[in-house]
Structure formats: C-alpha cells, structure tokens
Amino acid sequence: MKLSVWAKRQGVCYKTAWRMWKEGRLPVPAEQLPTGTVIVHAEAAQPDGVALYARVSSADQKADLDRQLARLTEFALSKRLPIVKAVKEVGSGLNGHRKGMIGLLRDPKVGVILVEHRDRLMRFGFEYLDAALAAQSRSILVVDPDERTDDIVRDLHEVIVSMCARLYGKRSAQNRAKKALEAIHE
C-alpha cells in the first residue's frame, strides 16, 4: 500500500510518515519505486474476533437479554469462535443510534458480529450494513435465519412494523402530553 494510505490507517500525518521513512524509523518494511512512490509492505491485520450482540425493544423484556447472550455464547463456543466482546442493549430496532451497536461497528478487533435474528441488529438496512462490513473483511453472522425466506414478505413485514411503531409512538407521546396538560390544569 502507499505510504499515505498506511499513514492514514495509523492515524499519523503523511509528512510524519515520510520523515520516519527517510530516517529509517518506519516500523514496517517499505521501498521506494523508481517513480518516487513509497510502498509499505505491511499486512493489514484481519479482525478475527466475534462480538455477541443482544437487543430487546423495551425494559419489560430485559430478562430476555441474558437468555439471548447465553444462546449466542453457546453457538460461538460450539463453532470455536473467539469471543472478544458481548453487548446487551435495550432500544428500538428502527433507531440506528444505539451506542452498543455503533461501538461494535467502530471496534477494529471485531471481525464478526453474531446475532440471533437479523432484526435483533436492525429492522431496515441490514443488507447495506452487511455490504459495508464485507468491504472491511468483516461480517454479520445470523444464528437463526428468518422463517420468512421471501424478500417481499420480509419487506412488507418490516414496513408494517415501522408504520405501527411510528403510529403508536406518536399516540403515546400525545397521550403523555395530554396527561401532563391535565395535571397542570388540576
């Protein structure tokens, strides 16, 4: 890879990497081509750890988090997969702003994210996330593939769930606002 790419991956300025190469202090083997380009012969470290991810939608279901993690751990151990992290979260599958999931995506040690069902990770955009991780030589492993194999049925189900969640979410917000106003006027 080019010296500039290596510098960016290491989090150092290109000029710093250039000075290190000129002084012979570059920690990896490198050579300069006749064109002047410096090529670094560093192997990209492949992430090989497995992260377990369990999620439930509401606090009422918290007890299911431990059961999900137990099943994921059992699966990983049966396949001899090295577990590097386990994340439990309570949050909506429609909202992609969950700290645990984002932490897994940013962690370079995590090569595989292990989930029980694909909707445990996210309701929409699973294919996009899977493709983005594949570009980094990472993947998502689903223990229990959905019974719904037809893409149209799965898409329709996800749209209905999304619409219901929005409708019921707005309704509960309206009810809470109405109760708050009634409490103020009393």
# chains A, B, ... in the order shown; residues from 1 in each chain; ligands from 1
$ residues_around --residues "stretch 76-84 of chain A" --least-positions-apart "5" --cutoff "7 Å" --atoms "only C-alpha atoms" --output "JSON, numbers by chain"
{"A": [49, 50, 51]}
$ write_last_selection --atoms "N, CA, C and O atoms" --output "mmCIF file, in the first residue's frame"
data_model
loop_
_atom_site.group_PDB
_atom_site.id
_atom_site.type_symbol
_atom_site.label_atom_id
_atom_site.label_comp_id
_atom_site.auth_asym_id
_atom_site.auth_seq_id
_atom_site.Cartn_x
_atom_site.Cartn_y
_atom_site.Cartn_z
ATOM 1 N N GLY A 49 -11.983 -11.533 15.822
ATOM 2 C CA GLY A 49 -12.803 -11.779 16.998
ATOM 3 C C GLY A 49 -14.280 -11.713 16.687
ATOM 4 O O GLY A 49 -14.718 -11.107 15.718
ATOM 5 N N VAL A 50 -15.056 -12.366 17.539
ATOM 6 C CA VAL A 50 -16.507 -12.383 17.392
ATOM 7 C C VAL A 50 -17.117 -11.571 18.526
ATOM 8 O O VAL A 50 -16.729 -11.716 19.682
ATOM 9 N N ALA A 51 -18.070 -10.717 18.167
ATOM 10 C CA ALA A 51 -18.805 -9.946 19.163
ATOM 11 C C ALA A 51 -20.233 -10.467 19.210
ATOM 12 O O ALA A 51 -20.856 -10.684 18.173
#
$ residues_around --residues "stretch 98-101 of chain A" --least-positions-apart "3" --cutoff "12 Å" --atoms "only C-alpha atoms" --output "ChimeraX atom specification"
/A:51-57,85-95,104-107,110,113-115,120-122,129
$ write_last_selection --atoms "N, CA and C atoms" --output "mmCIF file, in the first residue's frame"
data_model
loop_
_atom_site.group_PDB
_atom_site.id
_atom_site.type_symbol
_atom_site.label_atom_id
_atom_site.label_comp_id
_atom_site.auth_asym_id
_atom_site.auth_seq_id
_atom_site.Cartn_x
_atom_site.Cartn_y
_atom_site.Cartn_z
ATOM 1 N N ALA A 51 -18.070 -10.717 18.167
ATOM 2 C CA ALA A 51 -18.805 -9.946 19.163
ATOM 3 C C ALA A 51 -20.233 -10.467 19.210
ATOM 4 N N LEU A 52 -20.724 -10.684 20.409
ATOM 5 C CA LEU A 52 -22.101 -11.129 20.595
ATOM 6 C C LEU A 52 -22.968 -9.890 20.791
ATOM 7 N N TYR A 53 -24.095 -9.811 20.089
ATOM 8 C CA TYR A 53 -24.978 -8.658 20.203
ATOM 9 C C TYR A 53 -26.398 -9.116 20.499
ATOM 10 N N ALA A 54 -26.905 -8.685 21.665
ATOM 11 C CA ALA A 54 -28.277 -8.997 22.067
ATOM 12 C C ALA A 54 -29.026 -7.688 22.288
ATOM 13 N N ARG A 55 -30.272 -7.625 21.795
ATOM 14 C CA ARG A 55 -31.072 -6.409 21.939
ATOM 15 C C ARG A 55 -32.519 -6.784 22.164
ATOM 16 N N VAL A 56 -33.168 -6.011 23.021
ATOM 17 C CA VAL A 56 -34.614 -6.102 23.193
ATOM 18 C C VAL A 56 -35.191 -4.703 23.015
ATOM 19 N N SER A 57 -36.480 -4.631 22.750
ATOM 20 C CA SER A 57 -37.103 -3.353 22.430
ATOM 21 C C SER A 57 -37.489 -2.530 23.649
ATOM 22 N N LYS A 85 -16.092 -9.667 22.644
ATOM 23 C CA LYS A 85 -16.973 -8.664 23.228
ATOM 24 C C LYS A 85 -18.395 -9.193 23.265
ATOM 25 N N ALA A 86 -19.150 -8.747 24.263
ATOM 26 C CA ALA A 86 -20.577 -9.067 24.345
ATOM 27 C C ALA A 86 -21.317 -7.780 24.692
ATOM 28 N N VAL A 87 -22.339 -7.482 23.910
ATOM 29 C CA VAL A 87 -23.084 -6.236 24.097
ATOM 30 C C VAL A 87 -24.553 -6.564 24.287
ATOM 31 N N LYS A 88 -25.145 -5.973 25.340
ATOM 32 C CA LYS A 88 -26.579 -6.079 25.595
ATOM 33 C C LYS A 88 -27.156 -4.675 25.494
ATOM 34 N N GLU A 89 -28.299 -4.548 24.810
ATOM 35 C CA GLU A 89 -28.916 -3.236 24.650
ATOM 36 C C GLU A 89 -30.424 -3.311 24.731
ATOM 37 N N VAL A 90 -31.000 -2.223 25.252
ATOM 38 C CA VAL A 90 -32.437 -2.033 25.223
ATOM 39 C C VAL A 90 -32.677 -0.831 24.321
ATOM 40 N N GLY A 91 -33.361 -1.037 23.208
ATOM 41 C CA GLY A 91 -33.607 0.060 22.275
ATOM 42 C C GLY A 91 -34.362 -0.429 21.064
ATOM 43 N N SER A 92 -34.874 0.512 20.307
ATOM 44 C CA SER A 92 -35.662 0.210 19.128
ATOM 45 C C SER A 92 -34.782 -0.307 17.996
ATOM 46 N N GLY A 93 -35.295 -1.285 17.265
ATOM 47 C CA GLY A 93 -34.592 -1.787 16.091
ATOM 48 C C GLY A 93 -34.707 -0.835 14.917
ATOM 49 N N LEU A 94 -35.595 0.141 15.037
ATOM 50 C CA LEU A 94 -35.762 1.128 13.969
ATOM 51 C C LEU A 94 -34.760 2.254 14.085
ATOM 52 N N ASN A 95 -34.278 2.503 15.303
ATOM 53 C CA ASN A 95 -33.349 3.600 15.542
ATOM 54 C C ASN A 95 -31.926 3.063 15.446
ATOM 55 N N LEU A 104 -19.662 -1.531 18.399
ATOM 56 C CA LEU A 104 -19.216 -2.749 17.716
ATOM 57 C C LEU A 104 -18.712 -2.439 16.310
ATOM 58 N N LEU A 105 -19.414 -1.556 15.630
ATOM 59 C CA LEU A 105 -19.020 -1.220 14.262
ATOM 60 C C LEU A 105 -17.686 -0.491 14.219
ATOM 61 N N ARG A 106 -17.370 0.251 15.278
ATOM 62 C CA ARG A 106 -16.119 1.005 15.328
ATOM 63 C C ARG A 106 -14.941 0.193 15.858
ATOM 64 N N ASP A 107 -15.207 -0.924 16.508
ATOM 65 C CA ASP A 107 -14.157 -1.707 17.148
ATOM 66 C C ASP A 107 -13.380 -2.521 16.108
ATOM 67 N N VAL A 110 -13.237 -6.544 16.215
ATOM 68 C CA VAL A 110 -14.425 -7.332 15.908
ATOM 69 C C VAL A 110 -14.471 -7.642 14.421
ATOM 70 N N ILE A 113 -19.928 -10.003 13.792
ATOM 71 C CA ILE A 113 -20.963 -9.646 14.770
ATOM 72 C C ILE A 113 -21.976 -10.784 14.736
ATOM 73 N N LEU A 114 -22.157 -11.429 15.869
ATOM 74 C CA LEU A 114 -23.040 -12.585 15.973
ATOM 75 C C LEU A 114 -24.368 -12.153 16.590
ATOM 76 N N VAL A 115 -25.463 -12.367 15.870
ATOM 77 C CA VAL A 115 -26.805 -12.026 16.361
ATOM 78 C C VAL A 115 -27.704 -13.240 16.212
ATOM 79 N N ARG A 120 -32.663 -8.387 15.335
ATOM 80 C CA ARG A 120 -32.068 -8.009 16.622
ATOM 81 C C ARG A 120 -31.037 -6.907 16.409
ATOM 82 N N LEU A 121 -30.393 -6.897 15.258
ATOM 83 C CA LEU A 121 -29.398 -5.877 14.954
ATOM 84 C C LEU A 121 -30.074 -4.622 14.427
ATOM 85 N N MET A 122 -30.924 -4.777 13.422
ATOM 86 C CA MET A 122 -31.645 -3.629 12.860
ATOM 87 C C MET A 122 -32.802 -4.121 12.000
ATOM 88 N N LEU A 129 -25.555 -2.645 5.745
ATOM 89 C CA LEU A 129 -24.549 -2.806 6.794
ATOM 90 C C LEU A 129 -23.690 -4.028 6.520
#
$ atom_distance --atom1 "atom CA of A:Leu156" --atom2 "atom CA of A:Ala132"
23.9 Å
$ select_by_dssp --residues "stretch 6-179 of chain A" --states "strand (DSSP E or B)" --output "VMD selection string"
chain A and resid 30 to 32 38 to 40 49 to 56 83 to 90 110 to 115 139 to 142
$ atom_distance --atom1 "atom CA of A:Val5" --atom2 "atom CA of A:Asp48"
22.0 Å
$ select_by_dssp --residues "chain A" --states "alpha helix (DSSP H)" --output "PyMOL selection string"
chain A and resi 3-10+14-22+62-78+99-106+118-121+126-135+151-185
$ decode --residues "stretch 59-75 of chain A" --atoms "all heavy atoms" --output "mmCIF file, in the first residue's frame"
data_model
loop_
_atom_site.group_PDB
_atom_site.id
_atom_site.type_symbol
_atom_site.label_atom_id
_atom_site.label_comp_id
_atom_site.auth_asym_id
_atom_site.auth_seq_id
_atom_site.Cartn_x
_atom_site.Cartn_y
_atom_site.Cartn_z
ATOM 1 N N ALA A 59 -37.777 -2.173 28.231
ATOM 2 C CA ALA A 59 -37.237 -2.565 29.532
ATOM 3 C C ALA A 59 -37.986 -3.767 30.104
ATOM 4 O O ALA A 59 -37.433 -4.514 30.916
ATOM 5 C CB ALA A 59 -37.291 -1.391 30.498
ATOM 6 N N ASP A 60 -39.233 -3.964 29.698
ATOM 7 C CA ASP A 60 -40.006 -5.116 30.169
ATOM 8 C C ASP A 60 -39.374 -6.436 29.733
ATOM 9 O O ASP A 60 -39.592 -7.466 30.354
ATOM 10 C CB ASP A 60 -41.439 -5.064 29.624
ATOM 11 C CG ASP A 60 -42.195 -3.836 30.094
ATOM 12 O OD1 ASP A 60 -41.762 -3.214 31.090
ATOM 13 O OD2 ASP A 60 -43.219 -3.494 29.459
ATOM 14 N N GLN A 61 -38.606 -6.410 28.671
ATOM 15 C CA GLN A 61 -38.021 -7.628 28.104
ATOM 16 C C GLN A 61 -36.566 -7.835 28.521
ATOM 17 O O GLN A 61 -35.877 -8.680 27.945
ATOM 18 C CB GLN A 61 -38.105 -7.568 26.577
ATOM 19 C CG GLN A 61 -39.500 -7.422 26.047
ATOM 20 C CD GLN A 61 -39.505 -7.062 24.573
ATOM 21 O OE1 GLN A 61 -38.637 -6.340 24.112
ATOM 22 N NE2 GLN A 61 -40.487 -7.571 23.847
ATOM 23 N N LYS A 62 -36.091 -7.073 29.513
ATOM 24 C CA LYS A 62 -34.673 -7.152 29.898
ATOM 25 C C LYS A 62 -34.215 -8.563 30.247
ATOM 26 O O LYS A 62 -33.070 -8.925 30.004
ATOM 27 C CB LYS A 62 -34.391 -6.222 31.084
ATOM 28 C CG LYS A 62 -33.932 -4.865 30.669
ATOM 29 C CD LYS A 62 -33.451 -4.095 31.873
ATOM 30 C CE LYS A 62 -32.899 -2.755 31.425
ATOM 31 N NZ LYS A 62 -32.449 -1.960 32.537
ATOM 32 N N ALA A 63 -35.101 -9.364 30.817
ATOM 33 C CA ALA A 63 -34.725 -10.723 31.208
ATOM 34 C C ALA A 63 -34.319 -11.553 29.987
ATOM 35 O O ALA A 63 -33.506 -12.472 30.097
ATOM 36 C CB ALA A 63 -35.882 -11.394 31.937
ATOM 37 N N ASP A 64 -34.854 -11.210 28.830
ATOM 38 C CA ASP A 64 -34.532 -11.960 27.612
ATOM 39 C C ASP A 64 -33.109 -11.683 27.123
ATOM 40 O O ASP A 64 -32.540 -12.478 26.378
ATOM 41 C CB ASP A 64 -35.540 -11.634 26.512
ATOM 42 C CG ASP A 64 -35.423 -12.589 25.332
ATOM 43 O OD1 ASP A 64 -35.229 -13.801 25.581
ATOM 44 O OD2 ASP A 64 -35.501 -12.126 24.186
ATOM 45 N N LEU A 65 -32.517 -10.560 27.546
ATOM 46 C CA LEU A 65 -31.149 -10.234 27.120
ATOM 47 C C LEU A 65 -30.159 -11.320 27.535
ATOM 48 O O LEU A 65 -29.330 -11.752 26.737
ATOM 49 C CB LEU A 65 -30.704 -8.890 27.707
ATOM 50 C CG LEU A 65 -31.243 -7.645 27.027
ATOM 51 C CD1 LEU A 65 -30.830 -6.399 27.803
ATOM 52 C CD2 LEU A 65 -30.755 -7.557 25.604
ATOM 53 N N ASP A 66 -30.245 -11.739 28.786
ATOM 54 C CA ASP A 66 -29.326 -12.774 29.271
ATOM 55 C C ASP A 66 -29.545 -14.097 28.546
ATOM 56 O O ASP A 66 -28.596 -14.818 28.250
ATOM 57 C CB ASP A 66 -29.471 -12.951 30.778
ATOM 58 C CG ASP A 66 -28.994 -11.721 31.536
ATOM 59 O OD1 ASP A 66 -28.042 -11.064 31.061
ATOM 60 O OD2 ASP A 66 -29.567 -11.416 32.600
ATOM 61 N N ARG A 67 -30.805 -14.417 28.263
ATOM 62 C CA ARG A 67 -31.084 -15.656 27.535
ATOM 63 C C ARG A 67 -30.522 -15.586 26.114
ATOM 64 O O ARG A 67 -29.949 -16.552 25.617
ATOM 65 C CB ARG A 67 -32.588 -15.930 27.511
ATOM 66 C CG ARG A 67 -33.139 -16.344 28.864
ATOM 67 C CD ARG A 67 -34.560 -16.873 28.752
ATOM 68 N NE ARG A 67 -35.528 -15.843 28.393
ATOM 69 C CZ ARG A 67 -36.165 -15.069 29.267
ATOM 70 N NH1 ARG A 67 -35.925 -15.208 30.554
ATOM 71 N NH2 ARG A 67 -37.042 -14.182 28.865
ATOM 72 N N GLN A 68 -30.656 -14.427 25.461
ATOM 73 C CA GLN A 68 -30.086 -14.262 24.122
ATOM 74 C C GLN A 68 -28.567 -14.436 24.160
ATOM 75 O O GLN A 68 -27.996 -15.152 23.337
ATOM 76 C CB GLN A 68 -30.398 -12.863 23.568
ATOM 77 C CG GLN A 68 -31.747 -12.712 22.950
ATOM 78 C CD GLN A 68 -31.898 -11.329 22.325
ATOM 79 O OE1 GLN A 68 -31.009 -10.870 21.607
ATOM 80 N NE2 GLN A 68 -33.007 -10.677 22.605
ATOM 81 N N LEU A 69 -27.925 -13.768 25.130
ATOM 82 C CA LEU A 69 -26.463 -13.879 25.236
ATOM 83 C C LEU A 69 -26.031 -15.310 25.513
ATOM 84 O O LEU A 69 -25.009 -15.765 24.992
ATOM 85 C CB LEU A 69 -25.932 -12.950 26.320
ATOM 86 C CG LEU A 69 -25.582 -11.542 25.873
ATOM 87 C CD1 LEU A 69 -24.974 -10.753 27.012
ATOM 88 C CD2 LEU A 69 -24.654 -11.529 24.687
ATOM 89 N N ALA A 70 -26.782 -16.022 26.328
ATOM 90 C CA ALA A 70 -26.437 -17.418 26.625
ATOM 91 C C ALA A 70 -26.499 -18.266 25.356
ATOM 92 O O ALA A 70 -25.604 -19.081 25.092
ATOM 93 C CB ALA A 70 -27.375 -17.973 27.688
ATOM 94 N N ARG A 71 -27.547 -18.072 24.563
ATOM 95 C CA ARG A 71 -27.672 -18.842 23.317
ATOM 96 C C ARG A 71 -26.557 -18.469 22.334
ATOM 97 O O ARG A 71 -26.002 -19.339 21.664
ATOM 98 C CB ARG A 71 -29.050 -18.601 22.693
ATOM 99 C CG ARG A 71 -30.186 -19.270 23.483
ATOM 100 C CD ARG A 71 -31.506 -19.187 22.750
ATOM 101 N NE ARG A 71 -32.000 -17.830 22.563
ATOM 102 C CZ ARG A 71 -32.884 -17.217 23.345
ATOM 103 N NH1 ARG A 71 -33.373 -17.849 24.402
ATOM 104 N NH2 ARG A 71 -33.292 -15.991 23.080
ATOM 105 N N LEU A 72 -26.225 -17.177 22.251
ATOM 106 C CA LEU A 72 -25.148 -16.745 21.352
ATOM 107 C C LEU A 72 -23.802 -17.297 21.799
ATOM 108 O O LEU A 72 -22.996 -17.734 20.973
ATOM 109 C CB LEU A 72 -25.103 -15.213 21.280
ATOM 110 C CG LEU A 72 -26.276 -14.538 20.572
ATOM 111 C CD1 LEU A 72 -26.198 -13.032 20.751
ATOM 112 C CD2 LEU A 72 -26.308 -14.908 19.103
ATOM 113 N N THR A 73 -23.560 -17.277 23.097
ATOM 114 C CA THR A 73 -22.305 -17.815 23.633
ATOM 115 C C THR A 73 -22.190 -19.306 23.338
ATOM 116 O O THR A 73 -21.136 -19.802 22.918
ATOM 117 C CB THR A 73 -22.218 -17.569 25.151
ATOM 118 O OG1 THR A 73 -22.345 -16.168 25.389
ATOM 119 C CG2 THR A 73 -20.921 -18.075 25.724
ATOM 120 N N GLU A 74 -23.274 -20.025 23.552
ATOM 121 C CA GLU A 74 -23.282 -21.467 23.280
ATOM 122 C C GLU A 74 -22.980 -21.742 21.800
ATOM 123 O O GLU A 74 -22.191 -22.625 21.464
ATOM 124 C CB GLU A 74 -24.657 -22.037 23.652
ATOM 125 C CG GLU A 74 -24.769 -23.530 23.510
ATOM 126 C CD GLU A 74 -26.155 -24.021 23.909
ATOM 127 O OE1 GLU A 74 -26.710 -23.513 24.898
ATOM 128 O OE2 GLU A 74 -26.664 -24.911 23.221
ATOM 129 N N PHE A 75 -23.581 -20.951 20.909
ATOM 130 C CA PHE A 75 -23.343 -21.118 19.477
ATOM 131 C C PHE A 75 -21.875 -20.837 19.138
ATOM 132 O O PHE A 75 -21.240 -21.595 18.415
ATOM 133 C CB PHE A 75 -24.258 -20.191 18.670
ATOM 134 C CG PHE A 75 -24.059 -20.284 17.185
ATOM 135 C CD1 PHE A 75 -24.694 -21.277 16.457
ATOM 136 C CD2 PHE A 75 -23.236 -19.401 16.516
ATOM 137 C CE1 PHE A 75 -24.504 -21.373 15.084
ATOM 138 C CE2 PHE A 75 -23.037 -19.482 15.155
ATOM 139 C CZ PHE A 75 -23.676 -20.483 14.435
#
